[in-house]
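Taking it in order: structure first as structure tokens, then the write-up.
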Amino acid sequence: MAGSNTKQVTFHLRRFEPGKDAEPHWEDHSIEVTPGMTVLDGLWKVKELSAPSLAWRSSCRMGICGSCGMLINGRPRLACNTQVSELGSAIVAVAPLPNFDIIKDLVPDLRPIFETHREMLPYLLRDDTAEQEDPTREYRQTPHELEQYLQFSYCIKCGCCMAACPTVATDAQYAGPMPLGQAHRYDSDTRDAGFDRRREVLAGGSGPWRCHFAGECSQVCPKGVDPAKAIQLMKRQLVSDLLRLRRRTPPAAVAEAPHGTMRDDIPAAPPRTVTEA
Amino acid sequence: MQTRGHPNRLGIRGWVGGGRWGFERYMYTLHRLSGLALLVYFTMHIFVTSTRAVGPDAWKQTMSVVSGPLFTMGEYLVFAAFAFHAVNGIRLGAIELGFAVGRPIEPVYPYQTSVGGQRRLARAVLMIAFVVALWGGLDFFVWK
């Protein structure tokens with residue numbers, strides 16, 4: 001029986017069964033929605049009550065894993081991060097993220113962005129391989145240097161920015177906001193020395209110069225990463241480098257060992273409560 | 001690229017498929033369309049002026065065709081497209097050099113984006129383009 005806080009909402013779902021459907025089609029499922037219910041909760045309810053074969057991808061339910069990116073009421077969002085009530089509509093239209101092939105129902109094929117992401121060398125590139133394999137200490141970095149890339153490191157690779165980008169919509173060769181933003185995340189890290197190698201990857205039609213600042217990627221990013229800003233700052237870096245105005249500094253060195261004397265009033269650690277077998 | 005599922009790329013629909021966020025997407029679309037319009041105009045312009053090389057009669061005949069009200073309106077639309085494309089091009093050039101987008105910040109909800117940071121610049125571009133287009137309209141149709 002419906003409580004006073006429940007509301008009847010129609011989930012308007014884009015369905016596609018490979019091998020059975022020639023084209024995706026829409027299907028309506030009516031469910032009772034309670035306050036605080038997310039779109040992801042709604043999908044589980046639809047699956048439980050009326051569409052057992054409905055497929056989507058989700059995992060953490062708290063906006064961390066980036067699995068449940070979907071087109072919800074015309075906007076790319078995380079299903080777990082979107083409450084039905086905030087949509088302000090009795091109809092919740094859910095479709096797979098556009099600009100990605102559909103594997104089934106609401107499951108997009110995200111492999112192309114992961115492949116492009118890998119091409120951007122998204123890790124610290126340095127010569128001291130031995131130190132990286134077997135670290136002695138951390139690399140030195142100031143809070144100000146950290147701020148230069150911290151925002152971009154919050155990316156969860158959900159693909160919402162790629163679904164919103166109008167350039168990605170027409171240009172399959174364009175790398176897109178997620179991989180480019182992550183390339184800049186490492187280019188602006190003072191511990192990294194891979195700018196020249198990434199510049200070679202970024203040259204050409206697939207690089208940042210295809211971005212003309214529609215700004216949609218930043219508007220829809222569920223983590224506030226602002227890929228559009230990263231891409232513009234990357235362009236500034238590339239132009240500065242071309243004009244030889246970019247300051248080239250060696251990557252941050254390993255921090256020195258702390259010096260001074262050890263305090264003698266630090267209590268000893270308690271004995272282990274669990275012993276290894 | 002090899003298709004791995006049912007294709008779902010938006011294509012041209014993706015240029016106008018947004019619209020629930022900022023107006024920068026429409027400026028993006030308008031910039032592309034005005035650029036294409038200018039390209040078409042330049043092609044036509046070269047064709048029209050090249051008739052002068054054929055002879056005075058061909059030139060006069062072509063000019064009589066392109067001096068009608070329809071072409072005058074078309075020329076004005078090209079001028080308006082030029083006004084927007086030029087002023088917005090300056091905005092895009094500045095943004096691509098990292099101006100007006102701000103520095104990287106800690107993302108704290110509600111998130112502030114670079115799009116909001118350059119919004120005043122975008123509004124200024126629209127106003128300047130509108131004033132230039134209006135001035136052009138007076139010159140085309142009123143002052144002659």
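Chains: A, B, ... in order of the structure tokens. Residues: from 1 per chain. Ligands: from 1, in order shown.
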
Using only C-alpha atoms and a cut-off of 6 Å, which residues of chain B sit close to chain A? Please list them as an mmCIF file with N, CA and C atoms, in the first residue's frame.
```
data_model
loop_
_atom_site.group_PDB
_atom_site.id
_atom_site.type_symbol
_atom_site.label_atom_id
_atom_site.label_comp_id
_atom_site.auth_asym_id
_atom_site.auth_seq_id
_atom_site.Cartn_x
_atom_site.Cartn_y
_atom_site.Cartn_z
ATOM 1 N N GLY B 5 29.264 -2.521 -30.591
ATOM 2 C CA GLY B 5 27.888 -2.652 -30.123
ATOM 3 C C GLY B 5 27.011 -1.860 -31.065
ATOM 4 N N HIS B 6 25.840 -1.492 -30.597
ATOM 5 C CA HIS B 6 24.957 -0.685 -31.441
ATOM 6 C C HIS B 6 25.453 0.760 -31.447
ATOM 7 N N PRO B 7 25.714 1.351 -32.639
ATOM 8 C CA PRO B 7 26.249 2.720 -32.676
ATOM 9 C C PRO B 7 25.302 3.710 -31.995
ATOM 10 N N ASN B 8 25.868 4.641 -31.224
ATOM 11 C CA ASN B 8 25.028 5.595 -30.477
ATOM 12 C C ASN B 8 25.664 6.987 -30.472
ATOM 13 N N ARG B 9 26.486 7.270 -31.488
ATOM 14 C CA ARG B 9 27.105 8.602 -31.551
ATOM 15 C C ARG B 9 26.051 9.600 -32.012
ATOM 16 N N LEU B 10 25.987 10.756 -31.358
ATOM 17 C CA LEU B 10 24.899 11.705 -31.621
ATOM 18 C C LEU B 10 25.021 12.396 -32.972
ATOM 19 N N GLY B 11 26.245 12.591 -33.470
ATOM 20 C CA GLY B 11 26.422 13.317 -34.726
ATOM 21 C C GLY B 11 26.036 14.780 -34.573
ATOM 22 N N GLY B 14 24.279 16.280 -31.656
ATOM 23 C CA GLY B 14 25.047 16.589 -30.452
ATOM 24 C C GLY B 14 25.391 18.066 -30.324
ATOM 25 N N TRP B 15 25.362 18.797 -31.446
ATOM 26 C CA TRP B 15 25.672 20.235 -31.391
ATOM 27 C C TRP B 15 24.562 21.011 -30.675
ATOM 28 N N GLU B 24 26.864 28.423 -23.688
ATOM 29 C CA GLU B 24 28.124 28.292 -24.413
ATOM 30 C C GLU B 24 28.035 27.232 -25.507
ATOM 31 N N ARG B 25 27.199 26.199 -25.280
ATOM 32 C CA ARG B 25 27.039 25.185 -26.322
ATOM 33 C C ARG B 25 26.448 25.816 -27.580
ATOM 34 N N TYR B 28 29.008 27.747 -29.300
ATOM 35 C CA TYR B 28 29.872 26.797 -30.004
ATOM 36 C C TYR B 28 29.260 26.450 -31.366
ATOM 37 N N GLU B 96 41.602 29.919 -24.970
ATOM 38 C CA GLU B 96 42.550 28.853 -25.321
ATOM 39 C C GLU B 96 43.955 29.170 -24.838
ATOM 40 N N LEU B 97 44.199 30.415 -24.501
ATOM 41 C CA LEU B 97 45.498 30.759 -23.915
ATOM 42 C C LEU B 97 45.406 30.787 -22.388
ATOM 43 N N GLY B 98 44.306 30.260 -21.885
ATOM 44 C CA GLY B 98 44.176 30.102 -20.435
ATOM 45 C C GLY B 98 43.632 31.309 -19.703
ATOM 46 N N PRO B 104 43.301 26.083 -11.282
ATOM 47 C CA PRO B 104 42.718 24.864 -10.694
ATOM 48 C C PRO B 104 42.358 25.111 -9.227
ATOM 49 N N ILE B 105 41.197 24.610 -8.816
ATOM 50 C CA ILE B 105 40.731 24.810 -7.437
ATOM 51 C C ILE B 105 40.306 23.475 -6.840
ATOM 52 N N GLU B 106 40.202 23.446 -5.552
ATOM 53 C CA GLU B 106 39.692 22.250 -4.882
ATOM 54 C C GLU B 106 38.205 22.123 -5.209
ATOM 55 N N PRO B 107 37.769 20.988 -5.788
ATOM 56 C CA PRO B 107 36.341 20.879 -6.124
ATOM 57 C C PRO B 107 35.480 20.639 -4.885
ATOM 58 N N TYR B 111 29.939 22.799 -7.213
ATOM 59 C CA TYR B 111 31.165 23.007 -7.967
ATOM 60 C C TYR B 111 31.148 24.296 -8.785
ATOM 61 N N THR B 113 32.818 26.073 -12.021
ATOM 62 C CA THR B 113 33.541 25.620 -13.219
ATOM 63 C C THR B 113 34.094 26.805 -13.991
ATOM 64 N N SER B 114 34.993 26.474 -14.910
ATOM 65 C CA SER B 114 35.580 27.505 -15.760
ATOM 66 C C SER B 114 34.524 28.145 -16.653
ATOM 67 N N VAL B 115 33.442 27.410 -16.912
ATOM 68 C CA VAL B 115 32.370 27.948 -17.758
ATOM 69 C C VAL B 115 31.725 29.139 -17.056
#
```

Would you list, as an MDAnalysis selection string, the residues of segment 1-230 of chain A that end up in strand (DSSP E or B) under DSSP run on this structure's backbone?
chainID A and resid 7:15 25:33 38 69:72 75:78 83 91:95 102:104 107:108 139

Near Arg248 of chain A, within 12 Å and counting only C-alpha atoms, which residues show up once chain neighbours fewer than 2 positions away are dropped, as a list in words?
Asp187, Ser188, Thr190, Asp192, Ala193, Gly194, Phe195, Asp196, Gln237, Ser240, Asp241, Arg244, Leu245, Arg246, Pro250, Pro251 and Ala252 of chain A

Mind checking which residues fall within 12 Å of Thr136 of chain A, counting only C-alpha atoms, ignoring those fewer than 4 positions away in the same chain, and posting them as an NGL selection string?
:A and (128 or 130-132 or 253-257)

Dump as a CSV table (one decimal), in the first residue's frame, selection limited to all heavy atoms:
```csv
chain,number,residue,atom,x,y,z
A,128,ASP,N,64.1,7.9,-13.0
A,128,ASP,CA,64.6,7.1,-11.9
A,128,ASP,C,63.7,5.9,-11.6
A,128,ASP,O,63.0,5.8,-10.6
A,128,ASP,CB,64.7,7.9,-10.6
A,128,ASP,CG,63.4,8.7,-10.3
A,128,ASP,OD1,62.5,8.6,-11.1
A,128,ASP,OD2,63.3,9.3,-9.2
A,130,ALA,N,64.4,2.9,-10.8
A,130,ALA,CA,64.7,2.1,-9.6
A,130,ALA,C,64.0,2.7,-8.4
A,130,ALA,O,63.4,1.9,-7.6
A,130,ALA,CB,66.2,2.0,-9.3
A,131,GLU,N,64.0,4.0,-8.3
A,131,GLU,CA,63.3,4.7,-7.1
A,131,GLU,C,61.8,4.4,-7.2
A,131,GLU,O,61.1,4.2,-6.2
A,131,GLU,CB,63.6,6.2,-7.2
A,131,GLU,CG,62.9,7.0,-6.2
A,131,GLU,CD,63.3,6.7,-4.7
A,131,GLU,OE1,64.4,6.2,-4.5
A,131,GLU,OE2,62.4,6.9,-3.8
A,132,GLN,N,61.2,4.4,-8.4
A,132,GLN,CA,59.8,4.2,-8.6
A,132,GLN,C,59.4,2.8,-8.2
A,132,GLN,O,58.3,2.5,-7.7
A,132,GLN,CB,59.3,4.6,-10.0
A,132,GLN,CG,59.4,6.1,-10.2
A,132,GLN,CD,58.6,6.5,-11.4
A,132,GLN,OE1,57.4,6.5,-11.4
A,132,GLN,NE2,59.3,6.8,-12.5
A,253,ALA,N,62.6,16.1,-6.7
A,253,ALA,CA,63.5,15.1,-6.2
A,253,ALA,C,62.9,14.3,-5.0
A,253,ALA,O,61.9,14.8,-4.5
A,253,ALA,CB,64.8,15.7,-5.9
A,254,VAL,N,63.5,13.3,-4.7
A,254,VAL,CA,63.0,12.5,-3.5
A,254,VAL,C,63.3,13.4,-2.3
A,254,VAL,O,64.4,14.1,-2.2
A,254,VAL,CB,63.8,11.2,-3.4
A,254,VAL,CG1,63.5,10.5,-2.1
A,254,VAL,CG2,63.5,10.3,-4.6
A,255,ALA,N,62.4,13.5,-1.3
A,255,ALA,CA,62.6,14.3,-0.1
A,255,ALA,C,63.7,13.8,0.7
A,255,ALA,O,64.0,12.6,0.7
A,255,ALA,CB,61.3,14.3,0.7
A,256,GLU,N,64.4,14.7,1.3
A,256,GLU,CA,65.6,14.3,2.1
A,256,GLU,C,65.1,13.6,3.4
A,256,GLU,O,63.9,13.8,3.8
A,256,GLU,CB,66.4,15.6,2.6
A,256,GLU,CG,66.8,16.5,1.5
A,256,GLU,CD,65.8,17.6,1.3
A,256,GLU,OE1,65.1,18.1,2.3
A,256,GLU,OE2,65.5,18.0,0.1
A,257,ALA,N,66.0,12.9,3.9
A,257,ALA,CA,65.7,12.2,5.2
A,257,ALA,C,65.5,13.2,6.3
A,257,ALA,O,66.2,14.2,6.3
A,257,ALA,CB,66.8,11.2,5.6
```

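If you measure from each of B:Ile90, B:Val108, B:Val66, B:Ala53 to Ala129 of chain B using only C-alpha atoms, the closest one turns out to be B:Ile90.
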
Between atom CA of Arg120 of chain B and atom CA of Arg103 of chain B, measure the distance and give it in Å to one decimal.
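Separation between atom CA of Arg120 of chain B and atom CA of Arg103 of chain B: 16.7 Å.
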
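Relative to atom CA of Cys65 of chain A, atom CA of Ile156 of chain A is found at 6.3 Å.
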
Take atom CA of Cys160 of chain A and atom CA of Pro143 of chain A and report the distance between them in Å, one decimal.
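Taking atom CA of Cys160 of chain A and atom CA of Pro143 of chain A, their separation equals 29.3 Å.
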